[in-house]
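These notes concern the structure reproduced below.
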Amino acid sequence: MRRGYQRALLKLSGESLAGPRGIGLDYQVVGGLAEQVKGVHAMGVRLGLVVGGGNIIRGTAASAAGLDRVSADYMGMLATVINALAFQDVLEKMGVHTRVMTAIRMESLAEPYIRRRAERHLEKGRLVIFAGGTGNPFFSTDTAAVLRALEMDAEVILKATNVDGVYTSDPNTDPKARFLPELSFQDAIVNGYAVMDANAFGLCKSNQLPIVVFNINQPDAIARVVRGERVGTIVQ
Ligand code: UDP
């Protein structure tokens, strides 16, 4: 048994909100994820959420197609706000008090991110969704997740994915691929395991912030990780 967590930052990729089509929003899938988040929130865990935007637009892909990279990245950051608003709506309909805070100011629809205010929301038992990434082009929502986790003093980053955790190679193509229940930051670097993008990963390593990579599609996955069950891969 690993230890359980009281303060955690959950990173949900845009893709995880898209369902089988891989693009846009699948409201049934969003509903299922929101149910999981509601369960964890009801356990009394202080929970922050960072959502990605890859189901709508990715800066690198859009710039490869000819868009200016900076504009494309801002579009990607706006995409995370769309996802955050959808998630908030679904959560609030389930009775979970939720605040969206954005790294890019847009007060008519969400609060600007102010650390002390975010802390206050968490103290009051509200779930906070951090949208807009870091607010800067050339970064990712993984980096935003690490930044917010460090700022809210989270004990762990929960990185929701569609695979069970970290393997020695791709389990879809290599029958010899071995699942790794735990690994050190150093091992991940030496072996080239892509846990998060390099910036985000470096920030975790230098601040000793553990990452749990787990499969969000398993029943009660988030609650099980938070309770300290051996789910997914822990990098620490
Ligand atoms: N993005 C950015 N700065 C940030 C966070 C995101 O420029 O701090 C842009 C970037 O273009 C990225 C897009 O927003 O491709 C969507 O975010 P990301 O790819 O991290 O989403 P995910 O893969 O988690 O769905």
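Labeling convention for the structure tokens: chains A, B, ... as they appear, residues from 1 per chain, ligands from 1 in order of appearance.
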
Task: Test item: residues at most 9 Å from segment 50-62 of chain A, only C-alpha atoms, excluding those fewer than 2 positions along its chain, as a VMD selection string - done: chain A and resid 9 to 18 22 to 25 48 64 to 84 128 to 133 137 to 138 140 to 142 144 to 145 148

- [ ] Taking the DSSP assignment computed from this structure's backbone, write out as an MDAnalysis selection string all residues of segment 165-208 of chain A that belong to strand (DSSP E).
- [x] chainID A and resid 166:167 179:180 182:183

How would the residues just chosen look if you wrote them out with all heavy atoms as a compact mmCIF listing (two decimals), in the first residue's frame?
# COMPACT_ATOMS: atom_id res chain seq x y z
N VAL A 166 3.57 3.40 -16.68
CA VAL A 166 4.79 3.43 -17.49
C VAL A 166 5.26 2.00 -17.76
O VAL A 166 5.30 1.16 -16.85
CB VAL A 166 5.90 4.23 -16.78
CG1 VAL A 166 7.18 4.25 -17.61
CG2 VAL A 166 5.43 5.66 -16.48
N TYR A 167 5.57 1.72 -19.02
CA TYR A 167 6.11 0.42 -19.43
C TYR A 167 7.53 0.62 -19.96
O TYR A 167 7.90 1.73 -20.36
CB TYR A 167 5.26 -0.18 -20.56
CG TYR A 167 3.92 -0.69 -20.13
CD1 TYR A 167 2.85 0.18 -19.94
CD2 TYR A 167 3.71 -2.05 -19.90
CE1 TYR A 167 1.61 -0.29 -19.54
CE2 TYR A 167 2.47 -2.53 -19.50
CZ TYR A 167 1.43 -1.65 -19.31
OH TYR A 167 0.21 -2.13 -18.92
N PHE A 179 5.61 -3.72 -17.24
CA PHE A 179 4.98 -2.63 -16.51
C PHE A 179 5.86 -2.25 -15.31
O PHE A 179 6.40 -3.11 -14.63
CB PHE A 179 3.60 -3.08 -16.02
CG PHE A 179 2.90 -2.05 -15.19
CD1 PHE A 179 2.38 -0.90 -15.78
CD2 PHE A 179 2.79 -2.20 -13.81
CE1 PHE A 179 1.75 0.07 -15.02
CE2 PHE A 179 2.17 -1.23 -13.05
CZ PHE A 179 1.65 -0.09 -13.64
N LEU A 180 6.00 -0.95 -15.06
CA LEU A 180 6.83 -0.50 -13.93
C LEU A 180 5.95 0.16 -12.87
O LEU A 180 5.44 1.25 -13.10
CB LEU A 180 7.86 0.52 -14.43
CG LEU A 180 8.83 0.03 -15.50
CD1 LEU A 180 9.58 1.20 -16.14
CD2 LEU A 180 9.82 -0.95 -14.89
N GLU A 182 6.83 1.38 -10.00
CA GLU A 182 7.48 2.59 -9.49
C GLU A 182 8.81 2.82 -10.16
O GLU A 182 9.45 1.89 -10.65
CB GLU A 182 7.64 2.60 -7.98
CG GLU A 182 7.93 1.31 -7.30
CD GLU A 182 7.95 1.53 -5.79
OE1 GLU A 182 8.81 2.28 -5.32
OE2 GLU A 182 7.09 0.95 -5.11
N LEU A 183 9.20 4.08 -10.20
CA LEU A 183 10.51 4.39 -10.74
C LEU A 183 10.95 5.74 -10.24
O LEU A 183 10.13 6.55 -9.79
CB LEU A 183 10.50 4.26 -12.26
CG LEU A 183 10.19 5.34 -13.24
CD1 LEU A 183 11.04 5.05 -14.48
CD2 LEU A 183 8.75 5.30 -13.69

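With distances restricted to only C-alpha atoms and all ligand atoms, A:Lys159 is the closest residue to ligand 1 from A:Arg46, A:Arg21, A:Lys159, A:Arg227.
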
- [ ] Find the residue from A:Glu92, A:Met152, A:Phe139, A:Val231 that sits nearest to Tyr113 of chain A; use only C-alpha atoms when measuring.
- [x] A:Met152

TODO: Check the DSSP output for the backbone and give back, as a list of chain:residue names, the residues of segment 149-204 of chain A in alpha helix (DSSP H).
DONE: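 DSSP-assigned alpha helix (DSSP H) residues in segment 149-204 of chain A: A:Ala149, A:Leu150, A:Glu151, A:Phe185, A:Gln186, A:Asp187, A:Ala188, A:Ile189, A:Val190, A:Asn191, A:Ala198, A:Asn199, A:Ala200, A:Phe201, A:Gly202, A:Leu203, A:Cys204.
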
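Residue nearest Gln88 of chain A within the list A:Glu229, A:Pro112, A:Gly165, A:Met101: A:Met101 [criterion: smallest interatomic distance, only C-alpha atoms].
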
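Counting only C-alpha atoms, Asp153 of chain A has the following residues at most 8 Å away, ignoring those fewer than 3 positions along the same chain: Arg7, Ala149 and Leu150 of chain A.
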
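If you count only C-alpha atoms and ignore residues fewer than 3 places along the chain from Gly44 of chain A, what sits within 9 Å of it is Gln6, Val40, His41, Leu47 and Gly125 of chain A.
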
Please, which residues in segment 142-177 of chain A fall within 9 Å of segment 210-213 of chain A when counting only C-alpha atoms, and what is the closest atom pair and distance in Å to one decimal for each, ordered by chain then residue number, as a Markdown table?
| residue | atom | partner | partner_atom | distance |
| --- | --- | --- | --- | --- |
| A:Glu155 | CA | A:Pro210 | CA | 7.2 |
| A:Val156 | CA | A:Pro210 | CA | 5.1 |
| A:Ile157 | CA | A:Ile211 | CA | 4.8 |
| A:Leu158 | CA | A:Val212 | CA | 5.0 |
| A:Lys159 | CA | A:Val213 | CA | 4.8 |
| A:Ala160 | CA | A:Val213 | CA | 6.2 |
| A:Thr161 | CA | A:Val213 | CA | 6.9 |
| A:Val163 | CA | A:Val213 | CA | 8.5 |
| A:Asp164 | CA | A:Val213 | CA | 7.5 |
| A:Gly165 | CA | A:Val213 | CA | 5.1 |
| A:Val166 | CA | A:Val213 | CA | 7.1 |

Let me see the file: selected residues, C-alpha atoms, as a PDB file, in the first residue's frame.
ATOM      1  CA  GLU A 155       1.547  16.172  -2.415  1.00  0.00           C
ATOM      2  CA  VAL A 156       1.251  14.586  -5.825  1.00  0.00           C
ATOM      3  CA  ILE A 157       0.333  15.061  -9.468  1.00  0.00           C
ATOM      4  CA  LEU A 158      -2.187  12.552 -10.743  1.00  0.00           C
ATOM      5  CA  LYS A 159      -1.631  12.193 -14.448  1.00  0.00           C
ATOM      6  CA  ALA A 160      -4.670  10.568 -16.014  1.00  0.00           C
ATOM      7  CA  THR A 161      -3.940   8.654 -19.229  1.00  0.00           C
ATOM      8  CA  VAL A 163      -2.648   3.404 -20.412  1.00  0.00           C
ATOM      9  CA  ASP A 164      -2.057   1.638 -17.100  1.00  0.00           C
ATOM     10  CA  GLY A 165       1.174   3.475 -16.351  1.00  0.00           C
ATOM     11  CA  VAL A 166       4.790   3.430 -17.493  1.00  0.00           C
TER      12      VAL A 166
END

Open item on the list: Which residues are close to Ala198 of chain A, i.e. within 12 Å by only C-alpha atoms, leaving aside same-chain residues fewer than 4 positions away? Reply as a ChimeraX atom specification.
Closed with: /A:139-140,142-143,146,185,188-189,192-194,202-205

Write the residues of the selection above to a file with C-alpha atoms, as a PDB file, in the first residue's frame.
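Below is the file result.pdb, written as the result:
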ATOM      1  CA  PHE A 139       4.464  25.666 -22.777  1.00  0.00           C
ATOM      2  CA  SER A 140       2.079  22.778 -22.167  1.00  0.00           C
ATOM      3  CA  ASP A 142       1.596  19.438 -18.176  1.00  0.00           C
ATOM      4  CA  THR A 143       3.855  22.302 -17.152  1.00  0.00           C
ATOM      5  CA  VAL A 146       3.207  21.076 -12.165  1.00  0.00           C
ATOM      6  CA  PHE A 185      13.030  10.529 -11.688  1.00  0.00           C
ATOM      7  CA  ALA A 188      12.874   7.808 -16.146  1.00  0.00           C
ATOM      8  CA  ILE A 189      15.433  10.204 -17.606  1.00  0.00           C
ATOM      9  CA  GLY A 192      13.969   7.907 -21.816  1.00  0.00           C
ATOM     10  CA  TYR A 193      10.486   7.086 -20.440  1.00  0.00           C
ATOM     11  CA  ALA A 194       8.228   9.921 -21.518  1.00  0.00           C
ATOM     12  CA  GLY A 202      12.241  18.629 -14.850  1.00  0.00           C
ATOM     13  CA  LEU A 203      10.149  20.872 -12.632  1.00  0.00           C
ATOM     14  CA  CYS A 204       8.768  17.831 -10.772  1.00  0.00           C
ATOM     15  CA  LYS A 205      12.235  16.387 -10.366  1.00  0.00           C
TER      16      LYS A 205
END
